[in-house]
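Heads up, data.csv below (CSV, N, CA and C atoms):
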chain,number,residue,atom,x,y,z
A,1,MET,N,113.3,108.2,108.0
A,1,MET,CA,113.5,107.2,106.9
A,1,MET,C,114.8,107.4,106.2
A,2,ARG,N,115.3,106.3,105.7
A,2,ARG,CA,116.6,106.4,105.0
A,2,ARG,C,116.6,105.4,103.8
A,3,TYR,N,117.5,105.7,102.9
A,3,TYR,CA,117.7,104.9,101.7
A,3,TYR,C,118.9,104.0,101.9
A,4,VAL,N,118.7,102.7,101.5
A,4,VAL,CA,119.7,101.7,101.6
A,4,VAL,C,120.1,101.2,100.2
A,5,ARG,N,121.4,101.1,100.0
A,5,ARG,CA,121.9,100.6,98.7
A,5,ARG,C,121.6,99.1,98.6
A,6,VAL,N,121.0,98.7,97.5
A,6,VAL,CA,120.7,97.2,97.3
A,6,VAL,C,121.4,96.7,96.1
A,7,GLY,N,122.2,97.5,95.4
A,7,GLY,CA,122.9,97.0,94.2
A,7,GLY,C,123.1,98.1,93.2
A,8,ALA,N,123.7,97.7,92.1
A,8,ALA,CA,124.0,98.6,91.0
A,8,ALA,C,122.9,98.5,90.0
A,9,ALA,N,122.6,99.7,89.4
A,9,ALA,CA,121.5,99.8,88.5
A,9,ALA,C,121.7,98.9,87.2
A,10,ASP,N,123.0,98.8,86.8
A,10,ASP,CA,123.2,98.0,85.6
A,10,ASP,C,123.1,96.5,85.9
A,11,GLU,N,122.9,96.1,87.1
A,11,GLU,CA,122.7,94.6,87.4
A,11,GLU,C,121.2,94.2,87.2
A,12,LEU,N,120.4,95.2,86.9
A,12,LEU,CA,118.9,94.9,86.8
A,12,LEU,C,118.4,95.5,85.5
A,13,PRO,N,118.5,94.7,84.4
A,13,PRO,CA,118.1,95.2,83.1
A,13,PRO,C,116.6,95.2,83.0
A,14,ALA,N,116.0,95.8,82.0
A,14,ALA,CA,114.6,95.8,81.8
A,14,ALA,C,114.0,94.4,81.8
A,15,GLY,N,112.9,94.2,82.5
A,15,GLY,CA,112.4,92.9,82.7
A,15,GLY,C,113.0,92.0,83.8
A,16,GLY,N,114.0,92.6,84.5
A,16,GLY,CA,114.7,91.9,85.5
A,16,GLY,C,114.0,92.0,86.9
A,17,LEU,N,114.4,91.1,87.7
A,17,LEU,CA,113.9,91.0,89.1
A,17,LEU,C,115.0,90.6,90.0
A,18,LYS,N,115.1,91.2,91.1
A,18,LYS,CA,116.2,90.9,92.1
A,18,LYS,C,115.6,90.8,93.5
A,19,ALA,N,115.9,89.7,94.2
A,19,ALA,CA,115.6,89.6,95.6
A,19,ALA,C,116.7,90.2,96.4
A,20,VAL,N,116.3,91.0,97.4
A,20,VAL,CA,117.3,91.6,98.3
A,20,VAL,C,116.8,91.5,99.8
A,21,GLN,N,117.7,91.6,100.7
A,21,GLN,CA,117.3,91.7,102.1
A,21,GLN,C,117.8,93.0,102.6
A,22,VAL,N,116.9,93.8,103.2
A,22,VAL,CA,117.3,95.0,103.9
A,22,VAL,C,116.9,94.9,105.3
A,23,GLU,N,117.9,94.9,106.2
A,23,GLU,CA,117.7,94.7,107.6
A,23,GLU,C,116.9,93.4,107.8
A,24,ASP,N,115.7,93.4,108.3
A,24,ASP,CA,115.0,92.1,108.5
A,24,ASP,C,113.9,92.0,107.4
A,25,ARG,N,113.9,92.7,106.3
A,25,ARG,CA,112.9,92.7,105.3
A,25,ARG,C,113.4,92.0,104.0
A,26,ASP,N,112.5,91.1,103.5
A,26,ASP,CA,112.7,90.6,102.2
A,26,ASP,C,112.0,91.5,101.2
A,27,ILE,N,112.8,92.0,100.2
A,27,ILE,CA,112.3,92.9,99.2
A,27,ILE,C,112.6,92.4,97.8
A,28,VAL,N,111.7,92.7,96.9
A,28,VAL,CA,112.0,92.3,95.5
A,28,VAL,C,112.0,93.7,94.7
A,29,VAL,N,113.1,93.9,93.9
A,29,VAL,CA,113.3,95.0,93.1
A,29,VAL,C,113.1,94.6,91.7
A,30,VAL,N,112.3,95.3,90.9
A,30,VAL,CA,112.0,94.9,89.5
A,30,VAL,C,112.2,96.1,88.6
A,31,ASN,N,112.6,95.8,87.4
A,31,ASN,CA,112.8,96.8,86.3
A,31,ASN,C,111.7,96.6,85.3
A,32,VAL,N,110.7,97.6,85.3
A,32,VAL,CA,109.6,97.5,84.3
A,32,VAL,C,109.9,98.6,83.3
A,33,ASP,N,110.3,98.2,82.1
A,33,ASP,CA,110.6,99.2,81.0
A,33,ASP,C,111.5,100.3,81.4
A,34,GLY,N,112.5,100.0,82.2
A,34,GLY,CA,113.5,101.1,82.6
A,34,GLY,C,113.1,101.8,83.9
A,35,GLU,N,112.0,101.5,84.5
A,35,GLU,CA,111.6,102.1,85.8
A,35,GLU,C,111.7,101.0,86.9
A,36,LEU,N,112.3,101.4,88.0
A,36,LEU,CA,112.5,100.5,89.1
A,36,LEU,C,111.5,100.7,90.2
A,37,PHE,N,111.0,99.5,90.7
A,37,PHE,CA,110.0,99.4,91.7
A,37,PHE,C,110.4,98.4,92.7
A,38,ALA,N,110.0,98.6,94.0
A,38,ALA,CA,110.3,97.6,95.0
A,38,ALA,C,109.0,97.2,95.8
A,39,LEU,N,108.9,95.9,96.0
A,39,LEU,CA,107.7,95.4,96.8
A,39,LEU,C,108.2,94.5,97.9
A,40,ASP,N,107.3,94.3,98.8
A,40,ASP,CA,107.6,93.3,99.9
A,40,ASP,C,108.0,92.0,99.2
A,41,GLY,N,109.0,91.3,99.6
A,41,GLY,CA,109.4,90.1,99.0
A,41,GLY,C,108.6,88.9,99.3
A,42,ARG,N,107.7,89.0,100.2
A,42,ARG,CA,106.8,87.9,100.6
A,42,ARG,C,105.4,88.2,100.0
A,43,CYS,N,104.9,87.2,99.3
A,43,CYS,CA,103.5,87.3,98.7
A,43,CYS,C,102.5,87.5,99.8
A,44,PRO,N,101.6,88.5,99.7
A,44,PRO,CA,100.6,88.7,100.7
A,44,PRO,C,99.6,87.5,100.8
A,45,HIS,N,99.5,86.7,99.8
A,45,HIS,CA,98.6,85.5,99.8
A,45,HIS,C,99.0,84.5,100.8
A,46,GLN,N,100.2,83.9,100.7
A,46,GLN,CA,100.7,82.9,101.6
A,46,GLN,C,102.1,82.9,101.9
A,47,GLY,N,102.8,84.1,101.6
A,47,GLY,CA,104.2,84.3,102.0
A,47,GLY,C,105.2,83.7,101.0
A,48,GLY,N,104.7,83.4,99.8
A,48,GLY,CA,105.7,82.9,98.8
A,48,GLY,C,106.8,83.9,98.5
A,49,PRO,N,107.9,83.4,98.1
A,49,PRO,CA,109.1,84.3,97.8
A,49,PRO,C,109.0,85.0,96.5
A,50,LEU,N,108.5,86.2,96.5
A,50,LEU,CA,108.3,86.9,95.2
A,50,LEU,C,109.6,87.1,94.4
A,51,GLY,N,110.8,87.1,95.2
A,51,GLY,CA,112.1,87.3,94.5
A,51,GLY,C,112.5,86.0,93.7
A,52,ARG,N,111.8,84.9,93.9
A,52,ARG,CA,112.0,83.7,93.1
A,52,ARG,C,111.0,83.6,92.0
A,53,GLY,N,110.1,84.6,91.9
A,53,GLY,CA,109.1,84.6,90.9
A,53,GLY,C,109.6,85.1,89.6
A,54,ARG,N,108.7,85.7,88.8
A,54,ARG,CA,109.1,86.3,87.5
A,54,ARG,C,108.4,87.5,87.3
A,55,LEU,N,108.8,88.3,86.3
A,55,LEU,CA,108.2,89.6,85.9
A,55,LEU,C,107.5,89.3,84.6
A,56,GLU,N,106.2,89.5,84.6
A,56,GLU,CA,105.4,89.4,83.4
A,56,GLU,C,104.7,90.7,83.0
A,57,GLY,N,105.3,91.4,82.1
A,57,GLY,CA,104.9,92.7,81.8
A,57,GLY,C,105.2,93.6,83.0
A,58,GLY,N,104.2,94.2,83.6
A,58,GLY,CA,104.4,95.0,84.8
A,58,GLY,C,104.0,94.3,86.1
A,59,ALA,N,103.9,92.9,86.0
A,59,ALA,CA,103.4,92.2,87.2
A,59,ALA,C,104.5,91.2,87.7
A,60,VAL,N,104.6,91.2,89.0
A,60,VAL,CA,105.4,90.2,89.7
A,60,VAL,C,104.5,89.0,89.9
A,61,VAL,N,105.0,87.8,89.5
A,61,VAL,CA,104.2,86.6,89.6
A,61,VAL,C,104.8,85.7,90.7
A,62,CYS,N,104.0,85.4,91.7
A,62,CYS,CA,104.5,84.5,92.8
A,62,CYS,C,104.8,83.1,92.3
A,63,PRO,N,105.9,82.5,92.6
A,63,PRO,CA,106.2,81.2,92.2
A,63,PRO,C,105.4,80.1,92.8
A,64,TRP,N,104.7,80.4,93.9
A,64,TRP,CA,103.9,79.3,94.6
A,64,TRP,C,102.6,79.1,94.0
A,65,HIS,N,101.8,80.2,93.8
A,65,HIS,CA,100.4,80.0,93.3
A,65,HIS,C,100.1,80.9,92.2
A,66,ALA,N,101.1,81.5,91.6
A,66,ALA,CA,100.9,82.4,90.4
A,66,ALA,C,100.0,83.6,90.6
A,67,TRP,N,99.9,84.1,91.9
A,67,TRP,CA,99.2,85.3,92.1
A,67,TRP,C,100.1,86.4,91.5
A,68,LYS,N,99.4,87.4,90.9
A,68,LYS,CA,100.1,88.5,90.2
A,68,LYS,C,99.9,89.8,90.9
A,69,TRP,N,101.1,90.6,91.1
A,69,TRP,CA,101.1,91.8,91.8
A,69,TRP,C,101.6,92.9,90.9
A,70,ASP,N,100.8,94.0,90.8
A,70,ASP,CA,101.3,95.1,89.9
A,70,ASP,C,102.5,95.7,90.6
A,71,ALA,N,103.6,95.8,89.8
A,71,ALA,CA,104.9,96.3,90.4
A,71,ALA,C,104.8,97.7,90.7
A,72,ARG,N,104.0,98.5,90.0
A,72,ARG,CA,103.9,99.9,90.2
A,72,ARG,C,103.1,100.3,91.5
A,73,THR,N,102.0,99.5,91.7
A,73,THR,CA,101.1,99.9,92.8
A,73,THR,C,101.1,98.9,93.9
A,74,GLY,N,101.5,97.7,93.7
A,74,GLY,CA,101.5,96.6,94.7
A,74,GLY,C,100.1,95.9,94.7
A,75,ARG,N,99.1,96.4,94.0
A,75,ARG,CA,97.8,95.8,94.0
A,75,ARG,C,97.8,94.4,93.3
A,76,ALA,N,96.9,93.6,93.8
A,76,ALA,CA,96.7,92.3,93.2
A,76,ALA,C,96.1,92.4,91.8
A,77,ILE,N,96.6,91.7,90.8
A,77,ILE,CA,96.0,91.7,89.5
A,77,ILE,C,95.3,90.5,89.3
A,78,TRP,N,95.8,89.3,89.7
A,78,TRP,CA,95.2,88.0,89.6
A,78,TRP,C,95.5,87.3,90.9
A,79,PRO,N,94.5,86.8,91.6
A,79,PRO,CA,93.1,87.0,91.3
A,79,PRO,C,92.6,88.4,91.6
A,80,ALA,N,91.5,88.8,91.2
A,80,ALA,CA,91.0,90.1,91.4
A,80,ALA,C,90.5,90.3,92.9
A,81,VAL,N,91.4,90.5,93.8
A,81,VAL,CA,91.0,90.7,95.2
A,81,VAL,C,91.6,92.1,95.6
A,82,ASP,N,91.1,92.7,96.6
A,82,ASP,CA,91.5,94.0,97.0
A,82,ASP,C,92.7,93.9,98.0
A,83,TRP,N,93.8,93.3,97.6
A,83,TRP,CA,95.0,93.1,98.4
A,83,TRP,C,96.1,93.9,97.8
A,84,ARG,N,97.1,94.2,98.6
A,84,ARG,CA,98.3,94.9,98.2
A,84,ARG,C,99.5,94.3,98.8
A,85,ALA,N,100.6,94.3,98.0
A,85,ALA,CA,101.9,94.0,98.6
A,85,ALA,C,102.5,95.4,99.0
A,86,ALA,N,103.2,95.4,100.1
A,86,ALA,CA,103.8,96.7,100.5
A,86,ALA,C,104.8,97.2,99.4
A,87,ARG,N,104.8,98.5,99.2
A,87,ARG,CA,105.8,99.1,98.3
A,87,ARG,C,106.8,99.9,99.0
A,88,TYR,N,108.0,100.0,98.4
A,88,TYR,CA,109.1,100.8,98.9
A,88,TYR,C,109.6,101.8,97.8
A,89,PRO,N,109.8,103.0,98.2
A,89,PRO,CA,110.3,104.0,97.2
A,89,PRO,C,111.7,103.6,96.7
A,90,VAL,N,112.0,103.8,95.5
A,90,VAL,CA,113.3,103.4,94.9
A,90,VAL,C,113.8,104.7,94.2
A,91,VAL,N,115.1,104.9,94.3
A,91,VAL,CA,115.8,105.9,93.5
A,91,VAL,C,117.1,105.3,93.0
A,92,VAL,N,117.6,105.9,91.9
A,92,VAL,CA,118.9,105.5,91.4
A,92,VAL,C,119.8,106.8,91.5
A,93,GLN,N,120.9,106.6,92.2
A,93,GLN,CA,121.8,107.7,92.5
A,93,GLN,C,123.3,107.2,92.2
A,94,ASP,N,123.9,107.9,91.3
A,94,ASP,CA,125.3,107.6,90.9
A,94,ASP,C,125.5,106.1,90.6
A,95,GLY,N,124.5,105.6,89.9
A,95,GLY,CA,124.5,104.2,89.4
A,95,GLY,C,124.1,103.1,90.4
A,96,ASP,N,123.8,103.6,91.6
A,96,ASP,CA,123.3,102.6,92.7
A,96,ASP,C,121.8,102.7,92.8
A,97,VAL,N,121.2,101.5,93.1
A,97,VAL,CA,119.8,101.4,93.4
A,97,VAL,C,119.7,101.5,94.9
A,98,LEU,N,118.8,102.5,95.3
A,98,LEU,CA,118.6,102.7,96.7
A,98,LEU,C,117.1,102.5,97.0
A,99,VAL,N,116.8,101.8,98.1
A,99,VAL,CA,115.4,101.5,98.5
A,99,VAL,C,115.2,102.2,99.9
A,100,ARG,N,114.1,102.9,100.0
A,100,ARG,CA,113.8,103.7,101.3
A,100,ARG,C,113.1,102.7,102.2
A,101,VAL,N,113.7,102.7,103.4
A,101,VAL,CA,113.1,101.9,104.5
A,101,VAL,C,112.9,102.7,105.7
A,102,ALA,N,111.9,102.3,106.6
A,102,ALA,CA,111.6,103.1,107.8
A,102,ALA,C,112.7,102.9,108.8
Please express the file's structure as structure tokens.
Amino acid sequence: MRYVRVGAADELPAGGLKAVQVEDRDIVVVNVDGELFALDGRCPHQGGPLGRGRLEGGAVVCPWHAWKWDARTGRAIWPAVDWRAARYPVVVQDGDVLVRVA
């Protein structure tokens, strides 16, 4: 596994959301109160582009059907189903945001 640079940390303020592509994966990186998290950029519900959604508290909201995904865990918040969006580990190193991919 390796980490891939997806941008500068100062480009993603608290409450911010950024769509990135790493190799063949769409990923959304979010800043929840100063902590960075990364989820699959496609909504598990019907493939909506989470990177075009919004961050509501600690939830990524899909722009297609308003499904909400916990940015920290990837679990569905609304509706209450036992689904998860894939998560990717994130680190900040020397001001760069790095996402771990397989």
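Minimum atom-to-atom distances from A:Leu39, A:Val91, A:Leu98, A:Gly47 to A:Trp69 were compared using only C-alpha atoms, and the lowest value belongs to A:Leu39.
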TODO: May I have the residues at most 12 Å from (111.3, 98.6, 91.2) in the file's coordinates, counting only C-alpha atoms, as number ranges by chain?
DONE: A: 6, 9, 12-20, 27-41, 51, 55, 58-60, 70-74, 87-92, 97-100
Would you save the residues of that selection, restricted to N, CA and C atoms, as a compact mmCIF listing (two decimals), in the frame of the given file?
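Below is the file that was written, out16.txt:
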# COMPACT_ATOMS: atom_id res chain seq x y z
N VAL A 6 121.00 98.70 97.50
CA VAL A 6 120.70 97.20 97.30
C VAL A 6 121.40 96.70 96.10
N ALA A 9 122.60 99.70 89.40
CA ALA A 9 121.50 99.80 88.50
C ALA A 9 121.70 98.90 87.20
N LEU A 12 120.40 95.20 86.90
CA LEU A 12 118.90 94.90 86.80
C LEU A 12 118.40 95.50 85.50
N PRO A 13 118.50 94.70 84.40
CA PRO A 13 118.10 95.20 83.10
C PRO A 13 116.60 95.20 83.00
N ALA A 14 116.00 95.80 82.00
CA ALA A 14 114.60 95.80 81.80
C ALA A 14 114.00 94.40 81.80
N GLY A 15 112.90 94.20 82.50
CA GLY A 15 112.40 92.90 82.70
C GLY A 15 113.00 92.00 83.80
N GLY A 16 114.00 92.60 84.50
CA GLY A 16 114.70 91.90 85.50
C GLY A 16 114.00 92.00 86.90
N LEU A 17 114.40 91.10 87.70
CA LEU A 17 113.90 91.00 89.10
C LEU A 17 115.00 90.60 90.00
N LYS A 18 115.10 91.20 91.10
CA LYS A 18 116.20 90.90 92.10
C LYS A 18 115.60 90.80 93.50
N ALA A 19 115.90 89.70 94.20
CA ALA A 19 115.60 89.60 95.60
C ALA A 19 116.70 90.20 96.40
N VAL A 20 116.30 91.00 97.40
CA VAL A 20 117.30 91.60 98.30
C VAL A 20 116.80 91.50 99.80
N ILE A 27 112.80 92.00 100.20
CA ILE A 27 112.30 92.90 99.20
C ILE A 27 112.60 92.40 97.80
N VAL A 28 111.70 92.70 96.90
CA VAL A 28 112.00 92.30 95.50
C VAL A 28 112.00 93.70 94.70
N VAL A 29 113.10 93.90 93.90
CA VAL A 29 113.30 95.00 93.10
C VAL A 29 113.10 94.60 91.70
N VAL A 30 112.30 95.30 90.90
CA VAL A 30 112.00 94.90 89.50
C VAL A 30 112.20 96.10 88.60
N ASN A 31 112.60 95.80 87.40
CA ASN A 31 112.80 96.80 86.30
C ASN A 31 111.70 96.60 85.30
N VAL A 32 110.70 97.60 85.30
CA VAL A 32 109.60 97.50 84.30
C VAL A 32 109.90 98.60 83.30
N ASP A 33 110.30 98.20 82.10
CA ASP A 33 110.60 99.20 81.00
C ASP A 33 111.50 100.30 81.40
N GLY A 34 112.50 100.00 82.20
CA GLY A 34 113.50 101.10 82.60
C GLY A 34 113.10 101.80 83.90
N GLU A 35 112.00 101.50 84.50
CA GLU A 35 111.60 102.10 85.80
C GLU A 35 111.70 101.00 86.90
N LEU A 36 112.30 101.40 88.00
CA LEU A 36 112.50 100.50 89.10
C LEU A 36 111.50 100.70 90.20
N PHE A 37 111.00 99.50 90.70
CA PHE A 37 110.00 99.40 91.70
C PHE A 37 110.40 98.40 92.70
N ALA A 38 110.00 98.60 94.00
CA ALA A 38 110.30 97.60 95.00
C ALA A 38 109.00 97.20 95.80
N LEU A 39 108.90 95.90 96.00
CA LEU A 39 107.70 95.40 96.80
C LEU A 39 108.20 94.50 97.90
N ASP A 40 107.30 94.30 98.80
CA ASP A 40 107.60 93.30 99.90
C ASP A 40 108.00 92.00 99.20
N GLY A 41 109.00 91.30 99.60
CA GLY A 41 109.40 90.10 99.00
C GLY A 41 108.60 88.90 99.30
N GLY A 51 110.80 87.10 95.20
CA GLY A 51 112.10 87.30 94.50
C GLY A 51 112.50 86.00 93.70
N LEU A 55 108.80 88.30 86.30
CA LEU A 55 108.20 89.60 85.90
C LEU A 55 107.50 89.30 84.60
N GLY A 58 104.20 94.20 83.60
CA GLY A 58 104.40 95.00 84.80
C GLY A 58 104.00 94.30 86.10
N ALA A 59 103.90 92.90 86.00
CA ALA A 59 103.40 92.20 87.20
C ALA A 59 104.50 91.20 87.70
N VAL A 60 104.60 91.20 89.00
CA VAL A 60 105.40 90.20 89.70
C VAL A 60 104.50 89.00 89.90
N ASP A 70 100.80 94.00 90.80
CA ASP A 70 101.30 95.10 89.90
C ASP A 70 102.50 95.70 90.60
N ALA A 71 103.60 95.80 89.80
CA ALA A 71 104.90 96.30 90.40
C ALA A 71 104.80 97.70 90.70
N ARG A 72 104.00 98.50 90.00
CA ARG A 72 103.90 99.90 90.20
C ARG A 72 103.10 100.30 91.50
N THR A 73 102.00 99.50 91.70
CA THR A 73 101.10 99.90 92.80
C THR A 73 101.10 98.90 93.90
N GLY A 74 101.50 97.70 93.70
CA GLY A 74 101.50 96.60 94.70
C GLY A 74 100.10 95.90 94.70
N ARG A 87 104.80 98.50 99.20
CA ARG A 87 105.80 99.10 98.30
C ARG A 87 106.80 99.90 99.00
N TYR A 88 108.00 100.00 98.40
CA TYR A 88 109.10 100.80 98.90
C TYR A 88 109.60 101.80 97.80
N PRO A 89 109.80 103.00 98.20
CA PRO A 89 110.30 104.00 97.20
C PRO A 89 111.70 103.60 96.70
N VAL A 90 112.00 103.80 95.50
CA VAL A 90 113.30 103.40 94.90
C VAL A 90 113.80 104.70 94.20
N VAL A 91 115.10 104.90 94.30
CA VAL A 91 115.80 105.90 93.50
C VAL A 91 117.10 105.30 93.00
N VAL A 92 117.60 105.90 91.90
CA VAL A 92 118.90 105.50 91.40
C VAL A 92 119.80 106.80 91.50
N VAL A 97 121.20 101.50 93.10
CA VAL A 97 119.80 101.40 93.40
C VAL A 97 119.70 101.50 94.90
N LEU A 98 118.80 102.50 95.30
CA LEU A 98 118.60 102.70 96.70
C LEU A 98 117.10 102.50 97.00
N VAL A 99 116.80 101.80 98.10
CA VAL A 99 115.40 101.50 98.50
C VAL A 99 115.20 102.20 99.90
N ARG A 100 114.10 102.90 100.00
CA ARG A 100 113.80 103.70 101.30
C ARG A 100 113.10 102.70 102.20
Item to complete: Show me as number ranges by chain the residues that reach within 6 Å of (110.2, 82.0, 91.7), counting only C-alpha atoms and using the file's own coordinates.
Response: A: 52-53, 63
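The space separating atom N of A:Arg54 from atom C of A:Val81 comes to 19.5 Å.
Between atom CA of A:Val101 and atom C of A:His45 there is a distance of 22.7 Å.
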The distance between atom C of A:Val61 and atom C of A:Pro49 is 7.2 Å
All helix (DSSP H, G or I) positions in chain A, as a ChimeraX atom specification
/A:9-11,50-52
**Asked** Would you give me, as number ranges by chain, the residues in chain A that DSSP reads as strand (DSSP E or B)?
**Response** A: 2-8, 17-22, 25-32, 35-40, 42, 49, 54-56, 59-61, 68-70, 75-78, 84, 87-88, 90-93, 96-101
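You can rank A:Gly57, A:Gly48, A:Gly95, A:Pro79 by their closest distance to A:Arg5 using only C-alpha atoms, and at the top of that list sits A:Gly95.
Using only C-alpha atoms, the contacts of A:Pro44 at a cut-off of 9 Å, with sequence neighbours closer than 5 positions omitted, comprise Trp83, Arg84, Ala85 and Ala86 of chain A.
If only N, CA and C atoms are the atoms counted, then among A:Arg42, A:Glu11, A:His65, A:Ala80 the closest residue to A:Arg25 is A:Arg42.
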Mind writing stretch 3-22 of chain A to a file for me, with N, CA and C atoms, as a tab-separated table (two decimals), in the first residue's frame?
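Written out: result.tsv:
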chain	number	residue	atom	x	y	z
A	3	TYR	N	0.84	5.82	-0.18
A	3	TYR	CA	0.13	7.09	-0.03
A	3	TYR	C	0.34	7.93	-1.28
A	4	VAL	N	-0.74	8.60	-1.71
A	4	VAL	CA	-0.70	9.43	-2.90
A	4	VAL	C	-1.11	10.85	-2.50
A	5	ARG	N	-0.34	11.83	-2.95
A	5	ARG	CA	-0.66	13.23	-2.67
A	5	ARG	C	-1.91	13.64	-3.46
A	6	VAL	N	-2.87	14.26	-2.73
A	6	VAL	CA	-4.10	14.70	-3.39
A	6	VAL	C	-4.31	16.20	-3.29
A	7	GLY	N	-3.37	16.91	-2.67
A	7	GLY	CA	-3.47	18.36	-2.56
A	7	GLY	C	-2.77	18.88	-1.33
A	8	ALA	N	-2.87	20.18	-1.15
A	8	ALA	CA	-2.28	20.84	0.02
A	8	ALA	C	-3.33	20.94	1.12
A	9	ALA	N	-2.89	20.77	2.34
A	9	ALA	CA	-3.81	20.81	3.48
A	9	ALA	C	-4.52	22.15	3.59
A	10	ASP	N	-3.84	23.24	3.24
A	10	ASP	CA	-4.47	24.56	3.37
A	10	ASP	C	-5.53	24.82	2.30
A	11	GLU	N	-5.69	23.92	1.34
A	11	GLU	CA	-6.75	24.04	0.33
A	11	GLU	C	-8.08	23.48	0.83
A	12	LEU	N	-8.05	22.84	2.01
A	12	LEU	CA	-9.25	22.18	2.53
A	12	LEU	C	-9.54	22.67	3.95
A	13	PRO	N	-10.22	23.81	4.07
A	13	PRO	CA	-10.52	24.34	5.41
A	13	PRO	C	-11.57	23.51	6.12
A	14	ALA	N	-11.73	23.73	7.41
A	14	ALA	CA	-12.76	23.03	8.18
A	14	ALA	C	-14.11	23.21	7.51
A	15	GLY	N	-14.84	22.11	7.38
A	15	GLY	CA	-16.13	22.13	6.69
A	15	GLY	C	-16.02	21.96	5.19
A	16	GLY	N	-14.78	21.84	4.70
A	16	GLY	CA	-14.54	21.73	3.27
A	16	GLY	C	-14.62	20.31	2.76
A	17	LEU	N	-14.82	20.20	1.47
A	17	LEU	CA	-14.97	18.91	0.80
A	17	LEU	C	-14.27	19.05	-0.55
A	18	LYS	N	-13.52	18.02	-0.93
A	18	LYS	CA	-12.78	18.09	-2.20
A	18	LYS	C	-12.85	16.74	-2.91
A	19	ALA	N	-13.26	16.75	-4.17
A	19	ALA	CA	-13.27	15.55	-5.00
A	19	ALA	C	-11.90	15.40	-5.64
A	20	VAL	N	-11.35	14.18	-5.58
A	20	VAL	CA	-10.06	13.90	-6.22
A	20	VAL	C	-10.16	12.56	-6.94
A	21	GLN	N	-9.24	12.36	-7.85
A	21	GLN	CA	-9.17	11.06	-8.51
A	21	GLN	C	-7.77	10.52	-8.27
A	22	VAL	N	-7.72	9.30	-7.77
A	22	VAL	CA	-6.46	8.61	-7.51
A	22	VAL	C	-6.48	7.34	-8.34
